[in-house]
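**Q** start29.tsv is reproduced in full below (TSV, C-alpha atoms).
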chain	number	residue	atom	x	y	z
M	1	MET	CA	24.46	92.87	101.54
M	2	SER	CA	28.26	92.78	101.83
M	3	GLU	CA	29.70	93.30	105.29
M	4	THR	CA	30.88	96.87	105.89
M	5	PRO	CA	34.64	96.98	106.51
M	6	VAL	CA	36.16	99.31	109.11
M	7	ILE	CA	38.58	102.13	108.30
M	8	ASP	CA	41.62	102.61	110.53
M	9	SER	CA	41.24	106.22	111.65
M	10	ALA	CA	44.78	106.23	113.03
M	11	ALA	CA	46.12	105.88	109.47
M	12	THR	CA	44.43	109.06	108.21
M	13	ARG	CA	46.70	111.94	107.18
M	14	TRP	CA	45.39	115.41	108.06
M	15	SER	CA	46.58	118.75	106.72
M	16	ALA	CA	45.75	120.54	109.98
M	17	PRO	CA	45.75	119.61	113.67
M	18	PRO	CA	42.39	119.26	115.47
M	19	ALA	CA	42.51	122.77	116.90
M	20	GLU	CA	42.67	124.26	113.38
M	21	ARG	CA	39.83	122.28	111.76
M	22	ALA	CA	36.64	123.60	113.36
M	23	GLY	CA	34.45	125.70	111.10
M	24	ARG	CA	36.48	124.95	107.96
M	25	PRO	CA	35.34	122.87	104.98
M	26	LEU	CA	36.69	119.30	104.98
M	27	LEU	CA	37.88	117.59	101.80
M	28	VAL	CA	38.26	113.81	102.15
M	29	LEU	CA	40.81	112.23	99.77
M	30	LEU	CA	40.28	108.62	98.66
M	31	HIS	CA	43.11	106.74	96.94
M	32	GLY	CA	42.84	104.04	94.30
M	33	TYR	CA	43.42	100.27	94.31
M	34	GLY	CA	46.80	99.19	95.65
M	35	SER	CA	47.73	102.64	96.95
M	36	ASP	CA	47.53	104.29	100.37
M	37	GLU	CA	46.74	107.52	102.20
M	38	ASN	CA	50.01	109.16	101.14
M	39	ASP	CA	49.12	109.13	97.44
M	40	LEU	CA	46.47	111.85	97.14
M	41	PHE	CA	47.77	113.71	100.20
M	42	ALA	CA	50.64	114.75	97.94
M	43	LEU	CA	48.16	116.76	95.86
M	44	GLY	CA	47.67	119.17	98.76
M	45	PRO	CA	49.79	122.03	97.30
M	46	HIS	CA	47.61	121.97	94.15
M	47	LEU	CA	44.27	122.22	96.02
M	48	PRO	CA	42.64	125.31	97.58
M	49	ALA	CA	44.16	126.07	100.98
M	50	ASP	CA	40.70	126.85	102.43
M	51	TYR	CA	40.01	123.12	102.83
M	52	VAL	CA	41.18	120.88	105.62
M	53	LEU	CA	42.42	117.72	103.87
M	54	ALA	CA	41.97	114.23	105.28
M	55	ALA	CA	43.57	111.43	103.26
M	56	VAL	CA	41.96	108.15	104.32
M	57	ARG	CA	43.46	104.66	104.02
M	58	ALA	CA	41.08	102.15	102.44
M	59	PRO	CA	40.13	99.27	104.76
M	60	LEU	CA	41.04	96.17	102.73
M	61	ALA	CA	44.40	94.59	101.85
M	62	PRO	CA	44.55	93.27	98.26
M	63	PRO	CA	45.85	89.74	97.73
M	64	PHE	CA	49.61	89.24	97.50
M	65	PRO	CA	51.64	90.53	95.69
M	66	THR	CA	49.55	93.69	95.19
M	67	PRO	CA	50.76	96.43	97.56
M	68	GLY	CA	48.72	98.99	99.45
M	69	TRP	CA	45.00	98.93	100.20
M	70	SER	CA	41.65	98.76	98.45
M	71	TRP	CA	38.06	99.88	98.96
M	72	TYR	CA	36.65	96.68	97.44
M	73	PRO	CA	38.13	93.57	95.80
M	74	ILE	CA	38.92	93.38	92.08
M	75	GLU	CA	39.13	89.90	90.57
M	76	GLY	CA	40.16	90.29	86.96
M	77	LEU	CA	39.47	93.30	84.75
M	78	ASN	CA	35.70	92.97	85.01
M	79	GLY	CA	35.55	91.51	88.53
M	80	ARG	CA	34.02	94.46	90.38
M	81	ASP	CA	31.19	93.45	92.70
M	82	PRO	CA	28.71	96.36	93.02
M	83	GLU	CA	27.66	95.29	96.53
M	84	ALA	CA	31.27	95.19	97.72
M	85	ALA	CA	31.81	98.67	96.26
M	86	THR	CA	28.77	99.95	98.19
M	87	ALA	CA	30.16	98.34	101.36
M	88	GLY	CA	33.39	100.28	100.86
M	89	ALA	CA	31.38	103.49	100.56
M	90	ARG	CA	29.46	102.66	103.75
M	91	ALA	CA	32.80	102.29	105.52
M	92	LEU	CA	33.66	105.81	104.39
M	93	VAL	CA	30.28	107.14	105.55
M	94	ASP	CA	30.93	105.63	108.99
M	95	TRP	CA	34.38	107.22	109.09
M	96	VAL	CA	33.04	110.67	108.16
M	97	ASP	CA	30.31	110.42	110.79
M	98	ALA	CA	32.97	109.76	113.42
M	99	GLU	CA	35.65	112.19	112.26
M	100	ARG	CA	34.01	115.24	110.62
M	101	GLY	CA	33.83	117.18	113.89
M	102	ASP	CA	32.68	120.77	113.40
M	103	ALA	CA	33.51	120.94	109.69
M	104	ALA	CA	31.60	123.63	107.82
M	105	SER	CA	30.97	121.15	104.99
M	106	VAL	CA	32.32	117.83	103.73
M	107	GLY	CA	33.39	117.16	100.14
M	108	LEU	CA	34.77	113.93	98.70
M	109	LEU	CA	37.58	113.51	96.14
M	110	GLY	CA	38.74	110.13	94.92
M	111	PHE	CA	40.87	108.53	92.22
M	112	SER	CA	39.83	105.32	90.41
M	113	GLN	CA	38.29	103.09	93.12
M	114	GLY	CA	38.30	106.12	95.39
M	115	GLY	CA	36.36	108.07	92.75
M	116	LEU	CA	33.62	105.46	92.77
M	117	VAL	CA	33.54	105.49	96.58
M	118	ALA	CA	33.28	109.30	96.64
M	119	LEU	CA	30.29	109.22	94.31
M	120	GLU	CA	28.72	106.20	96.03
M	121	ALA	CA	28.96	107.83	99.48
M	122	LEU	CA	27.27	110.93	98.05
M	123	ARG	CA	24.51	108.68	96.70
M	124	LEU	CA	24.12	107.01	100.09
M	125	ARG	CA	23.92	110.29	102.02
M	126	PRO	CA	23.09	113.05	99.52
M	127	GLU	CA	22.24	115.60	102.21
M	128	ASP	CA	25.49	115.10	104.15
M	129	TYR	CA	28.10	115.87	101.51
M	130	ALA	CA	28.58	119.06	99.52
M	131	PHE	CA	29.99	117.44	96.36
M	132	ALA	CA	32.07	114.61	94.91
M	133	VAL	CA	35.11	114.62	92.61
M	134	ASN	CA	35.51	111.38	90.65
M	135	LEU	CA	38.88	111.11	88.88
M	136	SER	CA	39.36	108.15	86.54
M	137	GLY	CA	36.50	106.34	88.25
M	138	TYR	CA	32.92	105.44	87.43
M	139	ALA	CA	29.40	105.23	88.88
M	140	ASN	CA	28.44	101.99	90.57
M	141	PRO	CA	25.79	100.35	88.35
M	142	SER	CA	23.61	98.96	91.15
M	143	ALA	CA	20.56	100.91	92.33
M	144	LEU	CA	20.36	102.37	95.84
M	145	ASP	CA	17.31	103.17	97.95
M	146	THR	CA	18.61	106.74	98.23
M	147	ASP	CA	18.86	107.38	94.49
M	148	ALA	CA	15.60	109.35	94.31
M	149	ALA	CA	16.79	111.77	97.01
M	150	PHE	CA	20.18	111.95	95.29
M	151	ALA	CA	18.65	112.86	91.92
M	152	ALA	CA	16.27	115.36	93.53
M	153	ARG	CA	19.18	117.22	95.09
M	154	ARG	CA	21.38	117.15	91.92
M	155	PRO	CA	24.62	117.63	93.87
M	156	PRO	CA	27.73	119.06	92.18
M	157	VAL	CA	29.96	116.33	90.74
M	158	PHE	CA	33.24	116.62	88.83
M	159	TRP	CA	34.08	113.62	86.64
M	160	GLY	CA	37.42	113.66	84.85
M	161	ARG	CA	39.13	110.86	82.94
M	162	GLY	CA	41.79	110.27	80.33
M	163	ALA	CA	40.93	109.45	76.72
M	164	PHE	CA	43.48	106.62	76.86
M	165	ASP	CA	42.36	105.16	80.19
M	166	ASP	CA	42.18	101.39	79.59
M	167	VAL	CA	41.77	100.40	83.27
M	168	ILE	CA	38.07	101.07	83.74
M	169	PRO	CA	35.96	98.70	81.57
M	170	PRO	CA	34.27	100.55	78.68
M	171	ALA	CA	30.81	99.35	79.75
M	172	LEU	CA	31.23	101.07	83.12
M	173	VAL	CA	32.44	104.28	81.48
M	174	GLU	CA	29.41	104.22	79.17
M	175	HIS	CA	27.06	103.57	82.10
M	176	THR	CA	28.54	106.54	83.97
M	177	ALA	CA	28.27	108.82	80.95
M	178	GLN	CA	24.59	107.92	80.57
M	179	TRP	CA	23.72	107.88	84.28
M	180	LEU	CA	25.31	111.03	85.70
M	181	PRO	CA	23.96	113.94	83.60
M	182	SER	CA	20.31	113.54	84.59
M	183	ARG	CA	21.10	113.18	88.29
M	184	VAL	CA	23.87	115.64	89.20
M	185	ASP	CA	25.15	119.11	88.40
M	186	LEU	CA	27.95	117.70	86.27
M	187	SER	CA	31.34	119.26	85.54
M	188	GLY	CA	34.40	117.64	84.07
M	189	ARG	CA	36.37	116.80	81.01
M	190	LEU	CA	37.81	114.02	78.87
M	191	TYR	CA	41.56	114.71	78.73
M	192	PRO	CA	43.31	113.82	75.46
M	193	ASP	CA	46.60	111.92	75.66
M	194	LEU	CA	45.92	110.96	79.30
M	195	GLY	CA	45.69	107.39	80.57
M	196	HIS	CA	44.69	106.16	84.04
M	197	ALA	CA	46.30	109.12	85.80
M	198	VAL	CA	45.83	112.75	86.82
M	199	SER	CA	47.32	115.57	84.76
M	200	ALA	CA	48.29	119.15	85.65
M	201	GLN	CA	45.41	120.45	83.54
M	202	GLU	CA	42.98	118.20	85.39
M	203	LEU	CA	44.28	119.42	88.75
M	204	ASP	CA	43.74	123.01	87.61
M	205	ASP	CA	40.16	122.15	86.65
M	206	VAL	CA	39.57	120.37	89.96
M	207	SER	CA	40.94	123.33	91.89
M	208	THR	CA	38.56	125.68	90.05
M	209	PHE	CA	35.65	123.35	90.84
M	210	LEU	CA	36.65	123.17	94.51
M	211	VAL	CA	36.81	126.93	94.86
M	212	LYS	CA	33.26	127.16	93.52
M	213	GLN	CA	32.10	124.67	96.16
M	214	LEU	CA	33.46	126.60	99.15
M	215	PRO	CA	30.66	127.41	101.62
M	216	ALA	CA	31.25	131.16	101.30
M	217	ALA	CA	30.90	130.92	97.52
Could you write out this file's structure as structure tokens?
**A**
Amino acid sequence: MSETPVIDSAATRWSAPPAERAGRPLLVLLHGYGSDENDLFALGPHLPADYVLAAVRAPLAPPFPTPGWSWYPIEGLNGRDPEAATAGARALVDWVDAERGDAASVGLLGFSQGGLVALEALRLRPEDYAFAVNLSGYANPSALDTDAAFAARRPPVFWGRGAFDDVIPPALVEHTAQWLPSRVDLSGRLYPDLGHAVSAQELDDVSTFLVKQLPAA
């Protein structure tokens, strides 16, 4: 098993101060490879205001000259170690355990690497998280001891990706397309003319999904 890295809680960006978080749903934002906590935090105006947002900085520094941070190493296009990806998700689980406070619920939203980590954390702790949003990411192909409980719960998952996304290897996209439908309550879309990015239409769809996941709904 890969060693679990540690997330720097001091680097997290929050949309509300501690006194305004209790009893509200928490949405944890997970950036992609080579980015940082500021990336997805900028999506705040496009997401439902009911959520407290926490944009987390991934724990690993990619090799020079790649900027930013990563959840797990990537060595070449196909160099994605499933165990290292799970270790990144365990780091997130540890962070949520320490920082969720009195949140009414916790949902996870990630882009690319962050999308995998969102889904992987939900697999690791299916009873602890309300849903996952996986944007331009994939499902980790290794099996987990918690997969039976995950499939039994069938948690809500949104998976969106661009038809022209050439960053995620096709075999991993195919695995995800085969693996998800029988295990989750799946929403999402393949967006024409979109590459490895997030579009305005996708943000509208994500916002609709998030509203449906609010505890009151």
**Q** With a distance cut-off of 9 Å and all atoms listed in the file, select the neighbouring residues of region 136-150 of chain M, excluding the residue or stretch itself and same-chain residues fewer than 6 positions from it, and output the selection as a PyMOL selection string.
**A** chain M and resi 82-83+85-86+110-117+119-120+122-127+159-162+165+167-168+172-173+175-177+179-180+183-184+195-198
**Q** In file coordinates, which residues lie within 9 Å of (44.5, 102.5, 94.3) using only C-alpha atoms, given as number ranges by chain?
**A** M: 30-36, 39, 58, 68-71, 111-114
**Q** At a cut-off of 9 Å, using only C-alpha atoms, what residues contact Val28 (chain M)? Leave out same-chain residues fewer than 2 positions from it and give the result as a PyMOL selection string.
**A** chain M and resi 26+30+52-56+96+106-110+118
**Q** At what distance in Å, to one decimal, does CA of Ala11 (chain M) lie from CA of Glu37 (chain M)?
**A** 7.5 Å
**Q** Using only C-alpha atoms, pick whichever of M:Arg153, M:Arg80, M:His46, M:Arg21 has the shortest atom-to-atom distance to Glu99 (chain M).
**A**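 The answer is M:Arg21, which sits nearest to Glu99 (chain M).
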**Q** Select, from M:Phe158, M:Tyr129, M:Tyr72, M:Phe209, the residue with the minimum atom-to-atom distance to Ala89 (chain M), counting all atoms listed in the file.
**A** M:Tyr72
**Q** Take the point (42.8, 107.9, 114.9) in the file's coordinates, draw a sphere of radius 12 Å around it, and report as a list of chain:residue names every protein, DNA or RNA residue with an atom inside or on it, counting only C-alpha atoms.
**A** M:Ile7, M:Asp8, M:Ser9, M:Ala10, M:Ala11, M:Thr12, M:Arg13, M:Trp14, M:Pro18, M:Ala54, M:Val56, M:Arg57, M:Trp95, M:Ala98, M:Glu99
**Q** Which value, in Å to one decimal, gives the distance between CA of Glu3 (chain M) and CA of Val93 (chain M)?
**A**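 It comes out at 13.9 Å.
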**Q** Could you jot down the CA of Leu47 (chain M) to CA of Glu174 (chain M) separation for me, Å, one decimal place?
**A**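 A separation of 28.8 Å between them.
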